[in-house]
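Worksheet: the structure to be examined is printed underneath.
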Number of protein chains: 2
Amino acid sequence: MPAMRKLMVTVQYDGTDYAGFQIQSNAKTVQGELQQALGELLGHPVKIRAASRTDAGVHALGQIVTFESSSPIPPSNLVRALDERLPVAVGVVEACEVAPEFDARRDARCKLYCYQILNRPAGSPFITRYAWYIGDRLDVKAMGQAAQVLLGRHDFSAFCASGGSATDMVRVIDRLEVCRDGDMIRMYVQGDGFLYKMVRIMVGTLVEVGQGRRASSAVAEILASRDRRQAGPTAPGCGLWLVRVTYE
Amino acid sequence: MPAMRKLMVTVQYDGTDYAGFQIQSNAKTVQGELQQALGELLGHPVKIRAASRTDAGVHALGQIVTFESSSPIPPSNLVRALDERLPVAVGVVEACEVAPEFDARRDARCKLYCYQILNRPAGSPFITRYAWYIGDRLDVKAMGQAAQVLLGRHDFSAFCASGGSATDMVRVIDRLEVCRDGDMIRMYVQGDGFLYKMVRIMVGTLVEVGQGRRASSAVAEILASRDRRQAGPTAPGCGLWLVRVTYE
């Protein structure tokens with residue numbers, strides 16, 4: 001019986017046409033595409049585990065997946081061979097062998113997300129696939145100021161959508177920046193983990209600050225309330241990017 | 001009876017998910033989307049005429065369409081109202097009233113196309129929607145040199161796919177540049193008109209030069225042959241962009 005190895009692959013994807021990462025019956029998912037391509041390539045069924053279960057429409061530049069395989073294929077060959085079997089919307093960045101006990105989700109020390117907002121009078125068919133389009137100019141300075149109270153260790157219940165599986169609502173955010181680059185506003189959020197739709201609810205709330213519909217100081221009250229109904233709407237998935245997952 | 005006006009609208013679109021510009025039964029087309037949205041907005045059926053019938057997968061930054069309408073809507077209001085009714089993949093740039101005799105196709109003095117090639121060892125799910133991906137490095141200098149013989153007035157029969165409606169195969173190309181910008185190679189082609197798939201056959205031929213599979217001097221022989229079989233393959237539609245249409 002051939003030896004089993006655990007392999008780790010970094011993948012990127014355009015999530016627009018997928019019903020999210022996690023496999024579903026009767027819906028196109030990134031996990032489904034990867035497992036099918038890997039199964040064909042390696043000659044045995046593959047079950048992958050990912051660092052982050054990104055939602056429908058969310059993109060990734062550095063999603064991490066692991067799986068076990070009895071195939072002797074070198075990781076360097078796996079990159080190109082897998083990439084060729086995947087649809088254009090999913091790409092392989094790199095691959096390596098990891099220890100059998102490595103767990104892509106549990107062992108992640110932090111994750112970096114970026115949320116993009118196209119903020120100018122006219123939209124664009126080429127960018128609105130990858131960014132939330134908001135025509136009226138947002139006050140980025142006010143958004144950045146309002147965001148500061150979210151830094152650190154907090155109970156983020158107010159920024160968690162129903163339907164998640166978490167019981168402990170405390171997370172640590174160690175980076176939170178809002179910056180404008182021409183017509184594009186980017187919000188970088190890094191933390192040790194995120195509740196269900198947490199980044200998108202944070203963005204939806206900060207956008208209301210940027211629109212002048214809420215004071216910057218309101219975010220502290222929302223956080224303290226631990227009540228989802230106090231926060232703003234969930235920003236659309238299209239603007240969200242999983243940039244990087246960091247391990248020890 | 002309300003007065004009929006002729007309106008001109010500049011549109012942009014991501015052609016990936018369309019079976020081309022021109023309306024077809026049982027296929028999603030850009031013309032179909034525009035006519036449906038305009039019909040709903042203006043309250044009467046609309047038949048549009050476009051400067052260029054772009055093929056399946058081809059994108060546009062500045063496609064020009066015209067149509068007649070009895071609606072009193074000001075062109076400036078039309079831009080936003082139409083944009084809101086269109087799917088994300090189709091956008092409205094500007095609108096104005098034109099003379100009743102204006103014809104978007106016949107009156108075009110020249111058209112500028114850009115063809116994008118992503119040329120680096122690794123592809124990208126975000127770029128290969130908008131560019132032809134070629135992993136092995138192309139010799140851009142050789143491609144630029146080879147392209148020079150296509151400048152000017154020529155019979156371009158060798159660069160015309162079957163299925164077109166043209167009988168006069170002579171066209172004038174007044175700009176033809178091949179340049180590299182990091183990992184992206186862009187070929188700009190401007191002319192008074194183009195035969196069916198002409199730009200893409202030119203690109204497919206020049207790529208063979210860039211791969212070292214043909215000498216730069218071969219392009220003159222292909223042009224002189226007037227024989228489509230002498231030229232290279234038709235480059236994929238995803239890399240082609242209609243940039244601008246110029247009128248007198």
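We label chains A, B, ... in the order they appear in the structure tokens, count residues from 1 in each chain, and number ligands from 1 in the order shown.
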
Backbone DSSP call of strand (DSSP E or B) for stretch 31-245 of chain B, listed as a ChimeraX atom specification: /B:49-50,59-69,90-98,108-119,132-134,152-155,170-181,184-191,240-245

Residue set, stretch 49-198 of chain B restricted to helix (DSSP H, G or I), as a compact mmCIF listing (two decimals) with N, CA and C atoms, in the first residue's frame:
# COMPACT_ATOMS: atom_id res chain seq x y z
N PRO B 75 -30.53 63.08 -22.88
CA PRO B 75 -29.43 62.10 -22.96
C PRO B 75 -28.67 61.96 -21.64
N SER B 76 -28.51 63.07 -20.90
CA SER B 76 -27.76 62.97 -19.64
C SER B 76 -28.48 62.09 -18.63
N ASN B 77 -29.80 62.12 -18.62
CA ASN B 77 -30.56 61.24 -17.71
C ASN B 77 -30.53 59.79 -18.19
N LEU B 78 -30.45 59.64 -19.50
CA LEU B 78 -30.45 58.29 -20.09
C LEU B 78 -29.27 57.47 -19.57
N VAL B 79 -28.13 58.12 -19.38
CA VAL B 79 -26.91 57.39 -18.98
C VAL B 79 -27.17 56.61 -17.70
N ARG B 80 -27.59 57.30 -16.64
CA ARG B 80 -27.76 56.61 -15.37
C ARG B 80 -28.96 55.65 -15.39
N ALA B 81 -30.05 56.10 -16.00
CA ALA B 81 -31.27 55.28 -16.00
C ALA B 81 -31.04 53.96 -16.76
N LEU B 82 -30.32 54.04 -17.88
CA LEU B 82 -30.04 52.84 -18.66
C LEU B 82 -29.04 51.95 -17.92
N ASP B 83 -28.03 52.58 -17.36
CA ASP B 83 -27.00 51.83 -16.63
C ASP B 83 -27.62 50.99 -15.51
N GLU B 84 -28.59 51.57 -14.81
CA GLU B 84 -29.23 50.87 -13.69
C GLU B 84 -30.05 49.66 -14.15
N ARG B 85 -30.53 49.70 -15.38
CA ARG B 85 -31.35 48.60 -15.88
C ARG B 85 -30.53 47.49 -16.53
N VAL B 140 8.78 40.06 -28.09
CA VAL B 140 7.91 41.19 -28.47
C VAL B 140 8.55 42.04 -29.56
N LYS B 141 9.88 42.13 -29.52
CA LYS B 141 10.58 42.94 -30.53
C LYS B 141 10.35 42.34 -31.92
N ALA B 142 10.50 41.03 -32.02
CA ALA B 142 10.29 40.36 -33.31
C ALA B 142 8.84 40.53 -33.78
N MET B 143 7.90 40.48 -32.83
CA MET B 143 6.49 40.65 -33.19
C MET B 143 6.25 42.06 -33.74
N GLY B 144 6.84 43.05 -33.08
CA GLY B 144 6.67 44.45 -33.51
C GLY B 144 7.26 44.67 -34.89
N GLN B 145 8.42 44.07 -35.13
CA GLN B 145 9.06 44.22 -36.45
C GLN B 145 8.21 43.55 -37.52
N ALA B 146 7.73 42.35 -37.22
CA ALA B 146 6.93 41.60 -38.19
C ALA B 146 5.63 42.33 -38.53
N ALA B 147 5.11 43.06 -37.54
CA ALA B 147 3.82 43.73 -37.72
C ALA B 147 3.89 44.89 -38.71
N GLN B 148 5.10 45.45 -38.91
CA GLN B 148 5.20 46.68 -39.69
C GLN B 148 4.68 46.55 -41.13
N VAL B 149 4.83 45.39 -41.72
CA VAL B 149 4.40 45.22 -43.12
C VAL B 149 2.87 45.25 -43.25
N LEU B 150 2.18 45.15 -42.13
CA LEU B 150 0.71 45.18 -42.18
C LEU B 150 0.18 46.61 -42.18
N SER B 157 -7.10 39.61 -47.32
CA SER B 157 -7.79 38.32 -47.47
C SER B 157 -7.14 37.22 -46.62
N ALA B 158 -5.81 37.26 -46.47
CA ALA B 158 -5.12 36.21 -45.71
C ALA B 158 -5.48 36.28 -44.23
N PHE B 159 -6.00 37.44 -43.80
CA PHE B 159 -6.33 37.63 -42.39
C PHE B 159 -7.84 37.76 -42.18
N MET B 198 -10.23 39.62 -38.31
CA MET B 198 -8.94 40.07 -38.85
C MET B 198 -7.91 40.35 -37.76

At a cut-off of 8 Å, which residues of chain B touch chain A? Count only C-alpha atoms and give the answer as a PDB file with N, CA, C and O atoms, in the first residue's frame.
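Written file, iface20.pdb:
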ATOM      1  N   GLN B  12     -19.749  50.112 -22.647  1.00  0.00           N
ATOM      2  CA  GLN B  12     -18.611  49.219 -22.412  1.00  0.00           C
ATOM      3  C   GLN B  12     -19.166  47.909 -21.893  1.00  0.00           C
ATOM      4  O   GLN B  12     -20.228  47.876 -21.275  1.00  0.00           O
ATOM      5  N   TYR B  13     -18.478  46.832 -22.190  1.00  0.00           N
ATOM      6  CA  TYR B  13     -18.964  45.543 -21.698  1.00  0.00           C
ATOM      7  C   TYR B  13     -17.857  44.510 -21.547  1.00  0.00           C
ATOM      8  O   TYR B  13     -16.858  44.538 -22.242  1.00  0.00           O
ATOM      9  N   ASP B  14     -18.099  43.629 -20.594  1.00  0.00           N
ATOM     10  CA  ASP B  14     -17.297  42.440 -20.391  1.00  0.00           C
ATOM     11  C   ASP B  14     -17.978  41.362 -21.233  1.00  0.00           C
ATOM     12  O   ASP B  14     -19.068  40.894 -20.906  1.00  0.00           O
ATOM     13  N   VAL B  88     -24.589  43.907 -14.671  1.00  0.00           N
ATOM     14  CA  VAL B  88     -23.287  44.455 -14.280  1.00  0.00           C
ATOM     15  C   VAL B  88     -22.276  44.415 -15.425  1.00  0.00           C
ATOM     16  O   VAL B  88     -21.422  45.294 -15.544  1.00  0.00           O
ATOM     17  N   ALA B  89     -22.383  43.420 -16.290  1.00  0.00           N
ATOM     18  CA  ALA B  89     -21.383  43.239 -17.345  1.00  0.00           C
ATOM     19  C   ALA B  89     -21.475  44.271 -18.473  1.00  0.00           C
ATOM     20  O   ALA B  89     -20.593  44.334 -19.322  1.00  0.00           O
ATOM     21  N   VAL B  90     -22.533  45.062 -18.498  1.00  0.00           N
ATOM     22  CA  VAL B  90     -22.695  46.079 -19.541  1.00  0.00           C
ATOM     23  C   VAL B  90     -22.881  47.438 -18.872  1.00  0.00           C
ATOM     24  O   VAL B  90     -23.727  47.581 -17.988  1.00  0.00           O
ATOM     25  N   GLY B  91     -22.085  48.420 -19.281  1.00  0.00           N
ATOM     26  CA  GLY B  91     -22.157  49.748 -18.666  1.00  0.00           C
ATOM     27  C   GLY B  91     -22.329  50.849 -19.699  1.00  0.00           C
ATOM     28  O   GLY B  91     -21.975  50.672 -20.865  1.00  0.00           O
ATOM     29  N   VAL B  93     -21.417  54.704 -20.794  1.00  0.00           N
ATOM     30  CA  VAL B  93     -20.395  55.729 -20.554  1.00  0.00           C
ATOM     31  C   VAL B  93     -20.976  57.115 -20.777  1.00  0.00           C
ATOM     32  O   VAL B  93     -20.865  57.998 -19.942  1.00  0.00           O
ATOM     33  N   ALA B 122       3.027  31.873 -14.809  1.00  0.00           N
ATOM     34  CA  ALA B 122       1.774  31.462 -14.176  1.00  0.00           C
ATOM     35  C   ALA B 122       0.593  32.296 -14.670  1.00  0.00           C
ATOM     36  O   ALA B 122       0.710  33.513 -14.836  1.00  0.00           O
ATOM     37  N   GLY B 123      -0.549  31.644 -14.880  1.00  0.00           N
ATOM     38  CA  GLY B 123      -1.763  32.341 -15.281  1.00  0.00           C
ATOM     39  C   GLY B 123      -2.390  33.054 -14.100  1.00  0.00           C
ATOM     40  O   GLY B 123      -1.806  33.151 -13.018  1.00  0.00           O
ATOM     41  N   SER B 124      -3.598  33.589 -14.307  1.00  0.00           N
ATOM     42  CA  SER B 124      -4.325  34.264 -13.241  1.00  0.00           C
ATOM     43  C   SER B 124      -5.809  34.186 -13.526  1.00  0.00           C
ATOM     44  O   SER B 124      -6.259  34.547 -14.605  1.00  0.00           O
ATOM     45  N   PRO B 125      -6.611  33.719 -12.544  1.00  0.00           N
ATOM     46  CA  PRO B 125      -8.059  33.647 -12.761  1.00  0.00           C
ATOM     47  C   PRO B 125      -8.681  35.021 -13.010  1.00  0.00           C
ATOM     48  O   PRO B 125      -9.767  35.107 -13.552  1.00  0.00           O
ATOM     49  N   PHE B 126      -7.973  36.080 -12.571  1.00  0.00           N
ATOM     50  CA  PHE B 126      -8.558  37.417 -12.663  1.00  0.00           C
ATOM     51  C   PHE B 126      -8.197  38.105 -13.978  1.00  0.00           C
ATOM     52  O   PHE B 126      -8.876  39.009 -14.424  1.00  0.00           O
ATOM     53  N   THR B 128      -7.038  36.205 -16.955  1.00  0.00           N
ATOM     54  CA  THR B 128      -7.230  35.403 -18.170  1.00  0.00           C
ATOM     55  C   THR B 128      -8.645  35.524 -18.729  1.00  0.00           C
ATOM     56  O   THR B 128      -8.932  35.052 -19.816  1.00  0.00           O
ATOM     57  N   ARG B 129      -9.512  36.170 -17.981  1.00  0.00           N
ATOM     58  CA  ARG B 129     -10.816  36.550 -18.514  1.00  0.00           C
ATOM     59  C   ARG B 129     -10.682  37.652 -19.567  1.00  0.00           C
ATOM     60  O   ARG B 129     -11.523  37.792 -20.455  1.00  0.00           O
TER      61      ARG B 129
END

If we count only C-alpha atoms, what is near B:Val199 at a cut-off of 9 Å, once residues fewer than 6 positions away on the same chain are taken out, given as a ChimeraX atom specification?
/B:113,115,159-160,189,234-235,240

Write the selection just made, keeping C-alpha atoms, as a compact mmCIF listing (two decimals), in the first residue's frame?
# COMPACT_ATOMS: atom_id res chain seq x y z
CA TYR B 113 -8.62 47.71 -30.92
CA TYR B 115 -5.31 42.80 -27.88
CA PHE B 159 -6.33 37.63 -42.39
CA CYS B 160 -10.05 37.13 -42.93
CA VAL B 189 -4.37 48.15 -34.02
CA THR B 234 -7.26 32.89 -34.71
CA ALA B 235 -6.33 34.23 -31.26
CA LEU B 240 -9.64 41.51 -27.72

Point to revise | Contacts of B:Glu68 within 9 Å, only C-alpha atoms, excl. fewer than 3 positions in-chain, as a PyMOL selection string | key: chain B and resi 4-7+46-48+100

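Residue nearest A:Gly135 within the list A:Ser70, A:Asn119, A:Thr10, A:Ser52: A:Asn119 [criterion: smallest interatomic distance, only C-alpha atoms].
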
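For the pair atom CA of B:Ile185 and atom CA of B:Asp136, the separation is 12.5 Å.
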